[in-house]
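Asks: Enclosed is the structure file coords_26.txt (compact mmCIF, C-alpha atoms and all ligand atoms).
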```
# COMPACT_ATOMS: atom_id res chain seq x y z
CA MET A 1393 67.09 -30.50 39.65
CA ASN A 1394 66.29 -30.02 43.33
CA THR A 1395 62.67 -29.52 44.29
CA LYS A 1396 62.00 -25.82 44.70
CA THR A 1397 60.33 -24.35 47.78
CA ALA A 1398 57.84 -21.47 47.75
CA PHE A 1399 56.73 -19.30 50.66
CA ILE A 1400 53.25 -17.92 49.97
CA THR A 1401 51.64 -15.30 52.19
CA GLY A 1402 47.85 -15.15 52.41
CA ALA A 1403 47.60 -18.80 51.37
CA SER A 1404 44.54 -19.43 53.55
CA ARG A 1405 42.07 -18.40 50.83
CA GLY A 1406 41.46 -16.61 47.56
CA ILE A 1407 44.41 -15.85 45.29
CA GLY A 1408 47.08 -17.10 47.71
CA ARG A 1409 45.41 -20.47 48.03
CA ALA A 1410 45.15 -20.77 44.22
CA CYS A 1411 48.85 -19.85 43.91
CA ALA A 1412 49.77 -22.59 46.38
CA ILE A 1413 47.82 -25.22 44.48
CA SER A 1414 49.14 -24.07 41.12
CA LEU A 1415 52.78 -24.10 42.30
CA ALA A 1416 52.24 -27.50 43.93
CA ARG A 1417 50.92 -28.81 40.58
CA ALA A 1418 54.26 -27.66 39.11
CA GLY A 1419 56.03 -29.81 41.72
CA VAL A 1420 57.02 -26.96 44.05
CA ARG A 1421 57.00 -27.61 47.82
CA VAL A 1422 54.93 -24.93 49.53
CA ALA A 1423 55.00 -23.08 52.84
CA LEU A 1424 51.53 -21.72 53.45
CA ALA A 1425 51.45 -18.59 55.60
CA ALA A 1426 48.55 -16.55 57.02
CA ARG A 1427 46.82 -15.95 60.36
CA ASP A 1428 43.98 -18.48 60.06
CA MET A 1429 45.62 -21.84 60.77
CA ALA A 1430 42.44 -23.86 60.18
CA LYS A 1431 42.06 -22.43 56.68
CA LEU A 1432 45.75 -22.95 55.99
CA GLU A 1433 45.34 -26.62 56.93
CA GLU A 1434 42.55 -26.88 54.34
CA THR A 1435 44.90 -25.56 51.65
CA ALA A 1436 47.63 -27.92 52.91
CA THR A 1437 45.27 -30.89 52.62
CA GLU A 1438 44.60 -30.00 48.97
CA VAL A 1439 48.32 -29.65 48.27
CA ARG A 1440 49.20 -32.93 49.96
CA ALA A 1441 46.49 -34.67 47.90
CA LEU A 1442 48.64 -33.74 44.88
CA GLY A 1443 51.53 -35.63 46.46
CA VAL A 1444 53.42 -32.45 47.30
CA GLU A 1445 54.89 -31.41 50.66
CA ALA A 1446 53.13 -28.53 52.44
CA HIS A 1447 54.19 -26.70 55.58
CA VAL A 1448 51.72 -24.53 57.46
CA VAL A 1449 53.01 -21.48 59.29
CA ALA A 1450 51.29 -18.70 61.22
CA ILE A 1451 52.28 -15.22 60.11
CA ASP A 1452 51.02 -11.73 60.79
CA MET A 1453 52.24 -9.50 57.97
CA ALA A 1454 51.67 -6.48 60.20
CA SER A 1455 54.43 -7.68 62.54
CA THR A 1456 58.08 -7.75 61.53
CA GLU A 1457 58.84 -10.19 64.37
CA SER A 1458 56.19 -12.59 63.13
CA ILE A 1459 57.54 -12.39 59.55
CA LYS A 1460 61.08 -13.08 60.76
CA GLU A 1461 60.00 -16.07 62.85
CA ALA A 1462 57.77 -17.60 60.15
CA ILE A 1463 60.42 -17.34 57.42
CA ALA A 1464 63.23 -18.55 59.69
CA SER A 1465 61.24 -21.61 60.80
CA THR A 1466 60.32 -22.43 57.18
CA ALA A 1467 63.91 -22.07 55.96
CA LYS A 1468 64.98 -24.39 58.78
CA ASP A 1469 62.35 -27.04 57.97
CA PHE A 1470 62.69 -26.91 54.19
CA GLY A 1471 66.40 -26.08 53.97
CA ARG A 1472 65.79 -22.96 51.89
CA ILE A 1473 63.18 -20.74 50.23
CA ASP A 1474 63.52 -20.29 46.46
CA ILE A 1475 60.29 -18.49 45.67
CA LEU A 1476 58.50 -15.80 47.69
CA VAL A 1477 54.94 -14.86 46.79
CA ASN A 1478 53.97 -11.69 48.65
CA ASN A 1479 50.22 -12.05 48.30
CA ALA A 1480 48.66 -11.22 51.70
CA GLY A 1481 46.72 -7.99 51.59
CA ILE A 1482 43.89 -6.05 53.21
CA THR A 1483 41.65 -3.09 52.43
CA ARG A 1484 40.35 -0.39 54.79
CA ASP A 1485 38.51 1.79 52.31
CA GLY A 1486 37.35 5.36 52.90
CA LEU A 1487 37.58 8.81 51.40
CA ALA A 1488 40.99 10.38 51.97
CA LEU A 1489 39.52 13.40 53.75
CA ARG A 1490 38.06 11.22 56.49
CA MET A 1491 40.56 8.35 56.51
CA LYS A 1492 41.66 7.43 60.04
CA PRO A 1493 45.42 7.27 60.61
CA GLU A 1494 45.03 3.70 61.90
CA ASP A 1495 43.38 2.63 58.62
CA TRP A 1496 46.20 4.20 56.63
CA ASP A 1497 48.81 2.53 58.85
CA ALA A 1498 47.21 -0.93 58.91
CA VAL A 1499 47.04 -1.14 55.12
CA LEU A 1500 50.54 0.21 54.48
CA ARG A 1501 52.03 -1.97 57.21
CA THR A 1502 50.39 -5.20 56.04
CA ASN A 1503 50.51 -4.76 52.27
CA LEU A 1504 53.78 -2.90 51.73
CA THR A 1505 56.01 -2.90 54.82
CA GLY A 1506 55.26 -6.56 55.49
CA ALA A 1507 56.10 -7.49 51.91
CA PHE A 1508 59.38 -5.57 52.11
CA PHE A 1509 60.40 -7.35 55.33
CA ALA A 1510 59.52 -10.70 53.81
CA CYS A 1511 61.81 -9.88 50.85
CA GLN A 1512 64.62 -8.96 53.26
CA GLN A 1513 64.24 -12.25 55.11
CA VAL A 1514 64.50 -14.47 52.03
CA LEU A 1515 67.25 -12.60 50.17
CA GLN A 1516 70.27 -14.00 51.98
CA GLY A 1517 69.29 -17.59 51.22
CA MET A 1518 68.49 -16.82 47.58
CA MET A 1519 71.81 -15.02 47.16
CA LYS A 1520 73.62 -18.06 48.50
CA GLU A 1521 71.79 -20.31 46.03
CA ARG A 1522 72.24 -17.80 43.21
CA TRP A 1523 68.64 -18.45 42.24
CA GLY A 1524 65.47 -16.77 43.43
CA ARG A 1525 62.03 -15.58 42.44
CA ILE A 1526 60.07 -12.87 44.24
CA ILE A 1527 56.55 -12.15 43.06
CA ASN A 1528 54.63 -9.27 44.59
CA VAL A 1529 50.86 -9.28 44.21
CA SER A 1530 49.98 -5.65 43.59
CA SER A 1531 46.71 -4.50 41.99
CA VAL A 1532 45.32 -2.83 38.90
CA VAL A 1533 44.45 0.14 41.12
CA GLY A 1534 48.14 0.49 41.98
CA GLU A 1535 48.53 1.46 38.31
CA SER A 1536 45.32 3.41 37.74
CA GLY A 1537 44.45 4.89 41.14
CA ASN A 1538 40.99 4.52 42.69
CA PRO A 1539 38.86 6.96 44.68
CA GLY A 1540 38.14 5.76 48.22
CA GLN A 1541 41.27 3.62 48.37
CA ALA A 1542 44.15 6.06 48.91
CA ASN A 1543 45.79 3.77 51.48
CA TYR A 1544 45.35 0.57 49.47
CA VAL A 1545 46.43 2.20 46.20
CA ALA A 1546 49.49 3.74 47.85
CA SER A 1547 50.45 0.32 49.20
CA LYS A 1548 49.97 -1.38 45.82
CA ALA A 1549 51.79 1.36 43.85
CA GLY A 1550 54.52 1.11 46.50
CA LEU A 1551 54.83 -2.60 45.78
CA ILE A 1552 55.49 -1.79 42.12
CA GLY A 1553 58.26 0.64 43.12
CA LEU A 1554 59.70 -1.93 45.52
CA THR A 1555 59.61 -4.55 42.76
CA LYS A 1556 61.54 -2.41 40.27
CA SER A 1557 64.14 -1.18 42.78
CA LEU A 1558 64.82 -4.59 44.26
CA ALA A 1559 64.94 -6.16 40.79
CA GLN A 1560 67.80 -3.82 39.89
CA GLU A 1561 69.63 -4.39 43.19
CA ILE A 1562 69.70 -8.16 43.01
CA ALA A 1563 69.61 -9.07 39.32
CA SER A 1564 73.32 -9.86 39.36
CA ARG A 1565 72.58 -12.69 41.83
CA ASN A 1566 70.16 -14.35 39.42
CA ILE A 1567 67.16 -13.36 41.53
CA THR A 1568 64.18 -11.95 39.66
CA VAL A 1569 61.57 -9.68 41.20
CA ASN A 1570 58.27 -9.12 39.43
CA ALA A 1571 54.78 -7.89 40.22
CA VAL A 1572 51.38 -9.15 39.16
CA THR A 1573 48.52 -6.66 39.05
CA PRO A 1574 45.18 -8.46 39.30
CA GLY A 1575 42.03 -6.76 38.09
CA PHE A 1576 38.68 -7.59 39.65
CA ILE A 1577 38.97 -11.14 41.02
CA ASP A 1578 36.17 -13.20 42.54
CA THR A 1579 37.33 -13.69 46.17
CA ASP A 1580 36.30 -12.71 49.71
CA MET A 1581 37.91 -9.31 49.09
CA THR A 1582 35.43 -8.43 46.35
CA ALA A 1583 32.47 -10.33 47.86
CA VAL A 1584 31.69 -7.24 49.94
CA LEU A 1585 30.85 -5.19 46.84
CA THR A 1586 27.19 -4.58 46.00
CA GLU A 1587 25.62 -6.09 42.86
CA GLU A 1588 25.47 -2.57 41.43
CA GLN A 1589 29.20 -2.03 42.02
CA LYS A 1590 29.96 -5.40 40.40
CA ALA A 1591 27.77 -4.66 37.36
CA ASN A 1592 29.44 -1.28 36.99
CA MET A 1593 32.88 -2.89 37.14
CA LEU A 1594 31.91 -5.62 34.63
CA ALA A 1595 30.82 -2.98 32.15
CA HIS A 1596 34.44 -1.77 32.05
CA ILE A 1597 36.08 -5.19 31.61
CA PRO A 1598 36.62 -5.97 27.90
CA LEU A 1599 36.73 -9.73 28.57
CA LYS A 1600 33.30 -9.38 30.24
CA ARG A 1601 33.92 -11.53 33.28
CA LEU A 1602 35.45 -11.33 36.71
CA GLY A 1603 38.85 -12.92 37.08
CA LYS A 1604 39.27 -16.19 38.95
CA PRO A 1605 42.00 -16.75 41.54
CA GLU A 1606 43.41 -19.32 39.10
CA ASP A 1607 43.92 -16.59 36.47
CA ILE A 1608 46.34 -14.86 38.85
CA ALA A 1609 47.91 -18.11 40.01
CA ALA A 1610 48.84 -18.98 36.40
CA ALA A 1611 50.77 -15.72 36.06
CA VAL A 1612 52.49 -16.25 39.41
CA ARG A 1613 53.44 -19.80 38.50
CA PHE A 1614 54.93 -18.61 35.19
CA LEU A 1615 56.98 -15.85 36.86
CA ALA A 1616 58.22 -18.41 39.41
CA SER A 1617 59.37 -20.83 36.72
CA ASP A 1618 62.79 -21.37 35.20
CA GLU A 1619 61.31 -20.30 31.85
CA ALA A 1620 60.73 -16.77 33.21
CA GLY A 1621 64.40 -16.40 34.13
CA TYR A 1622 64.99 -13.44 31.79
CA ILE A 1623 62.03 -11.42 33.10
CA THR A 1624 62.66 -9.05 36.00
CA GLY A 1625 61.21 -5.75 37.23
CA HIS A 1626 58.11 -6.49 35.17
CA VAL A 1627 54.53 -5.66 36.07
CA LEU A 1628 52.23 -8.31 34.63
CA SER A 1629 48.61 -7.15 34.34
CA VAL A 1630 46.01 -9.87 34.70
CA ASN A 1631 42.86 -7.82 34.51
CA GLY A 1632 40.70 -8.87 31.56
CA GLY A 1633 41.67 -5.65 29.80
CA LEU A 1634 40.26 -3.40 32.53
CA TYR A 1635 43.34 -1.19 32.42
CA MET A 1636 45.83 -1.11 29.53
P1 LIG B 1 41.30 -12.38 50.41
O1 LIG B 1 40.44 -13.47 49.88
O2 LIG B 1 40.71 -11.33 51.28
O3 LIG B 1 42.57 -13.03 51.10
C1 LIG B 1 43.52 -12.23 51.72
C2 LIG B 1 44.62 -13.12 52.25
O4 LIG B 1 45.58 -12.30 52.93
C3 LIG B 1 44.08 -14.14 53.22
O5 LIG B 1 44.72 -15.37 53.02
C4 LIG B 1 44.48 -13.55 54.57
O6 LIG B 1 44.72 -14.58 55.49
C5 LIG B 1 45.78 -12.83 54.23
N1 LIG B 1 46.08 -11.78 55.18
C6 LIG B 1 45.39 -10.63 55.40
N2 LIG B 1 45.96 -9.94 56.39
C7 LIG B 1 47.03 -10.66 56.82
C8 LIG B 1 48.01 -10.48 57.83
N3 LIG B 1 48.02 -9.40 58.64
N4 LIG B 1 48.94 -11.42 57.99
C9 LIG B 1 48.96 -12.52 57.20
N5 LIG B 1 48.07 -12.75 56.23
C10 LIG B 1 47.10 -11.83 56.04
O7 LIG B 1 41.96 -11.56 49.21
P2 LIG B 1 42.39 -11.97 47.73
O8 LIG B 1 41.39 -11.38 46.82
O9 LIG B 1 42.74 -13.40 47.65
O10 LIG B 1 43.69 -11.04 47.62
C11 LIG B 1 45.01 -11.55 47.61
C12 LIG B 1 45.92 -10.42 47.16
O11 LIG B 1 45.52 -9.98 45.86
C13 LIG B 1 45.85 -9.19 48.07
O12 LIG B 1 47.12 -8.62 48.20
C14 LIG B 1 44.95 -8.25 47.28
O13 LIG B 1 45.20 -6.91 47.60
C15 LIG B 1 45.33 -8.59 45.87
N6 LIG B 1 44.31 -8.22 44.90
C16 LIG B 1 43.07 -8.76 44.93
C17 LIG B 1 42.12 -8.37 43.98
C18 LIG B 1 40.73 -8.92 43.94
O14 LIG B 1 39.92 -8.42 43.14
N7 LIG B 1 40.37 -9.89 44.75
C19 LIG B 1 42.47 -7.43 43.01
C20 LIG B 1 43.75 -6.90 43.00
C21 LIG B 1 44.66 -7.31 43.95
P3 LIG B 1 44.24 -14.61 57.04
O15 LIG B 1 43.00 -13.80 57.13
O16 LIG B 1 44.08 -16.07 57.30
O17 LIG B 1 45.41 -14.01 57.76
```
Take the structure in the file and give it back as structure tokens.
Replies:
Amino acid sequence: MNTKTAFITGASRGIGRACAISLARAGVRVALAARDMAKLEETATEVRALGVEAHVVAIDMASTESIKEAIASTAKDFGRIDILVNNAGITRDGLALRMKPEDWDAVLRTNLTGAFFACQQVLQGMMKERWGRIINVSSVVGESGNPGQANYVASKAGLIGLTKSLAQEIASRNITVNAVTPGFIDTDMTAVLTEEQKANMLAHIPLKRLGKPEDIAAAVRFLASDEAGYITGHVLSVNGGLYM
């Protein structure tokens, strides 16, 4: 079988970086996309140490032009993109009553609109190959809601809706679309929380630990595999039991 190629957004750190390494371990060539090129190069070095090809590409998920350019240049270099991992994401937390329109827009544009445009850009190639995997990294709060995160939760719940709709549209082309909903994962995104907030969160996690980026990467790698070919429109919770 031909070597598969994955395009992973937000591969410069955290969950995206772990996804890149996990997919590379499965023999998948990876295109690593984010804004911080130096950090992307660090991920690429780790991937290449596994003997797997890595391509580094600048992308700004808030810009449709940037998404188009990054995916087109990757498809040209690698021939095609078989797997898309929409992982890049940001938070701009605040109570809804006082939330600035720019904070609402930035989060929706990066987390949801950007992911949708990335899907659009890879679909043609996947349809031609009659094989494709799209994995959207949503969040537990996209299922449960969370006070102080109306913008982020709307974007993550939106990703679940996008996943299910797109899955139905393109299933006949042998392209699966699934979402992963991480719980509380130990990355830069959660490093900003106070010890008190972390302790409070831990008290509600039945498995009594924070998740690791690798916990999410394992789910992404499975959904990207041939073995997961009969799973589509699914939302896979990886949250230590935080929300059932
Ligand atoms: P992180 O450590 O903050 O990493 C975020 C990644 O997204 C970085 O690689 C960043 O790269 C990239 N990114 C942000 N804005 C971007 C933009 N405009 N264009 C391109 N790339 C951008 O976060 P993480 O914890 O690994 O989160 C990864 C995903 O999991 C996110 O979608 C997040 O919402 C989701 N998630 C995380 C948790 C958690 O507890 N950590 C829980 C549920 C869901 P650059 O800065 O280099 O651009």
Asks: Separation of CA of Ile1475 in chain A and atom O6 of ligand LIG 1 (chain B), in Å?
Replies: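 Going from CA of Ile1475 in chain A over to atom O6 of ligand LIG 1 (chain B) covers 18.8 Å.
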Asks: Please compute the CA of Thr1483 in chain A-CA of Tyr1544 in chain A distance, one decimal, in Å.
Replies: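 Going from CA of Thr1483 in chain A over to CA of Tyr1544 in chain A, I get 6.0 Å.
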Asks: Please give me, as a PyMOL selection string, the residues lying within 8 Å of ligand LIG 1 (chain B) when counting all atoms listed in the file.
Replies: chain A and resi 1401-1409+1425-1429+1431-1432+1450-1455+1478-1483+1502-1503+1529-1533+1544+1548+1573-1582+1603+1605
Asks: Include C-alpha atoms and write out the residues we just selected as a compact mmCIF listing (two decimals), in the coordinates of the input.
Replies:
```txt
# COMPACT_ATOMS: atom_id res chain seq x y z
CA THR A 1401 51.64 -15.30 52.19
CA GLY A 1402 47.85 -15.15 52.41
CA ALA A 1403 47.60 -18.80 51.37
CA SER A 1404 44.54 -19.43 53.55
CA ARG A 1405 42.07 -18.40 50.83
CA GLY A 1406 41.46 -16.61 47.56
CA ILE A 1407 44.41 -15.85 45.29
CA GLY A 1408 47.08 -17.10 47.71
CA ARG A 1409 45.41 -20.47 48.03
CA ALA A 1425 51.45 -18.59 55.60
CA ALA A 1426 48.55 -16.55 57.02
CA ARG A 1427 46.82 -15.95 60.36
CA ASP A 1428 43.98 -18.48 60.06
CA MET A 1429 45.62 -21.84 60.77
CA LYS A 1431 42.06 -22.43 56.68
CA LEU A 1432 45.75 -22.95 55.99
CA ALA A 1450 51.29 -18.70 61.22
CA ILE A 1451 52.28 -15.22 60.11
CA ASP A 1452 51.02 -11.73 60.79
CA MET A 1453 52.24 -9.50 57.97
CA ALA A 1454 51.67 -6.48 60.20
CA SER A 1455 54.43 -7.68 62.54
CA ASN A 1478 53.97 -11.69 48.65
CA ASN A 1479 50.22 -12.05 48.30
CA ALA A 1480 48.66 -11.22 51.70
CA GLY A 1481 46.72 -7.99 51.59
CA ILE A 1482 43.89 -6.05 53.21
CA THR A 1483 41.65 -3.09 52.43
CA THR A 1502 50.39 -5.20 56.04
CA ASN A 1503 50.51 -4.76 52.27
CA VAL A 1529 50.86 -9.28 44.21
CA SER A 1530 49.98 -5.65 43.59
CA SER A 1531 46.71 -4.50 41.99
CA VAL A 1532 45.32 -2.83 38.90
CA VAL A 1533 44.45 0.14 41.12
CA TYR A 1544 45.35 0.57 49.47
CA LYS A 1548 49.97 -1.38 45.82
CA THR A 1573 48.52 -6.66 39.05
CA PRO A 1574 45.18 -8.46 39.30
CA GLY A 1575 42.03 -6.76 38.09
CA PHE A 1576 38.68 -7.59 39.65
CA ILE A 1577 38.97 -11.14 41.02
CA ASP A 1578 36.17 -13.20 42.54
CA THR A 1579 37.33 -13.69 46.17
CA ASP A 1580 36.30 -12.71 49.71
CA MET A 1581 37.91 -9.31 49.09
CA THR A 1582 35.43 -8.43 46.35
CA GLY A 1603 38.85 -12.92 37.08
CA PRO A 1605 42.00 -16.75 41.54
```
Asks: Skipping near chain neighbours, those fewer than 4 positions away, what residues fall within 9 Å of range 1552-1560 of chain A using all atoms listed in the file, listed as a list in words?
Replies: Leu1504, Phe1508, Cys1511, Ile1526, Ile1527, Asn1528, Ser1530, Gly1534, Glu1535, Ser1547, Lys1548, Ser1564, Ile1567, Thr1568, Val1569, Asn1570, Ala1571, Val1572, Thr1624, Gly1625, His1626 and Val1627 of chain A
Asks: Just to confirm, what's the straight-line distance from CA of Leu1442 in chain A to CA of Ser1414 in chain A in Å (one decimal)?
Replies: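 Straight-line distance from CA of Leu1442 in chain A to CA of Ser1414 in chain A works out to 10.4 Å.
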Asks: I'd like to know which of A:Ala1398, A:Gly1419, A:Glu1494, A:Gly1633 is closest to Val1448 in chain A, using all atoms listed in the file.
Replies: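 The closest residue to Val1448 in chain A is A:Ala1398.
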Asks: Between A:Ser1458, A:Ala1423, A:Leu1487, A:Phe1509, which is the closest to Val1439 in chain A once you count all atoms listed in the file?
Replies: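 Ranking A:Ser1458, A:Ala1423, A:Leu1487, A:Phe1509 by distance to Val1439 in chain A, first place goes to A:Ala1423.
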Asks: Taking (49.3, -25.2, 53.7) in the file's coordinates, which residues come within 6 Å, counting only C-alpha atoms, written as an NGL selection string?
Replies: :A and (1424 or 1432-1433 or 1435-1436 or 1446-1448)
Asks: Calculated over all atoms listed in the file, which of the candidates A:Ile1473, A:Asp1485, A:Ala1542, A:Leu1500 has the smallest distance to Lys1520 in chain A?
Replies: A:Ile1473
Asks: Pick from A:Cys1411, A:Lys1492, A:Glu1445, A:Ala1416: nearest to Asp1607 in chain A, with only C-alpha atoms counted?
Replies: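 Among the listed residues, the smallest separation from Asp1607 in chain A belongs to A:Cys1411.
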Asks: Give the answer as one residue: which of A:Ile1459, A:Ala1563, A:Met1491, A:Ala1595 has the shortest atom-to-atom distance to Gly1506 in chain A, using only C-alpha atoms?
Replies: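 Going through A:Ile1459, A:Ala1563, A:Met1491, A:Ala1595 one by one, the smallest distance to Gly1506 in chain A is for A:Ile1459.
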Asks: Considering all atoms listed in the file, state which residue in the set A:Ser1629, A:Thr1505, A:Thr1456, A:Ser1617 is at the smallest distance from Val1420 in chain A.
Replies: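 The shortest atom-to-atom distance to Val1420 in chain A comes from A:Ser1617.
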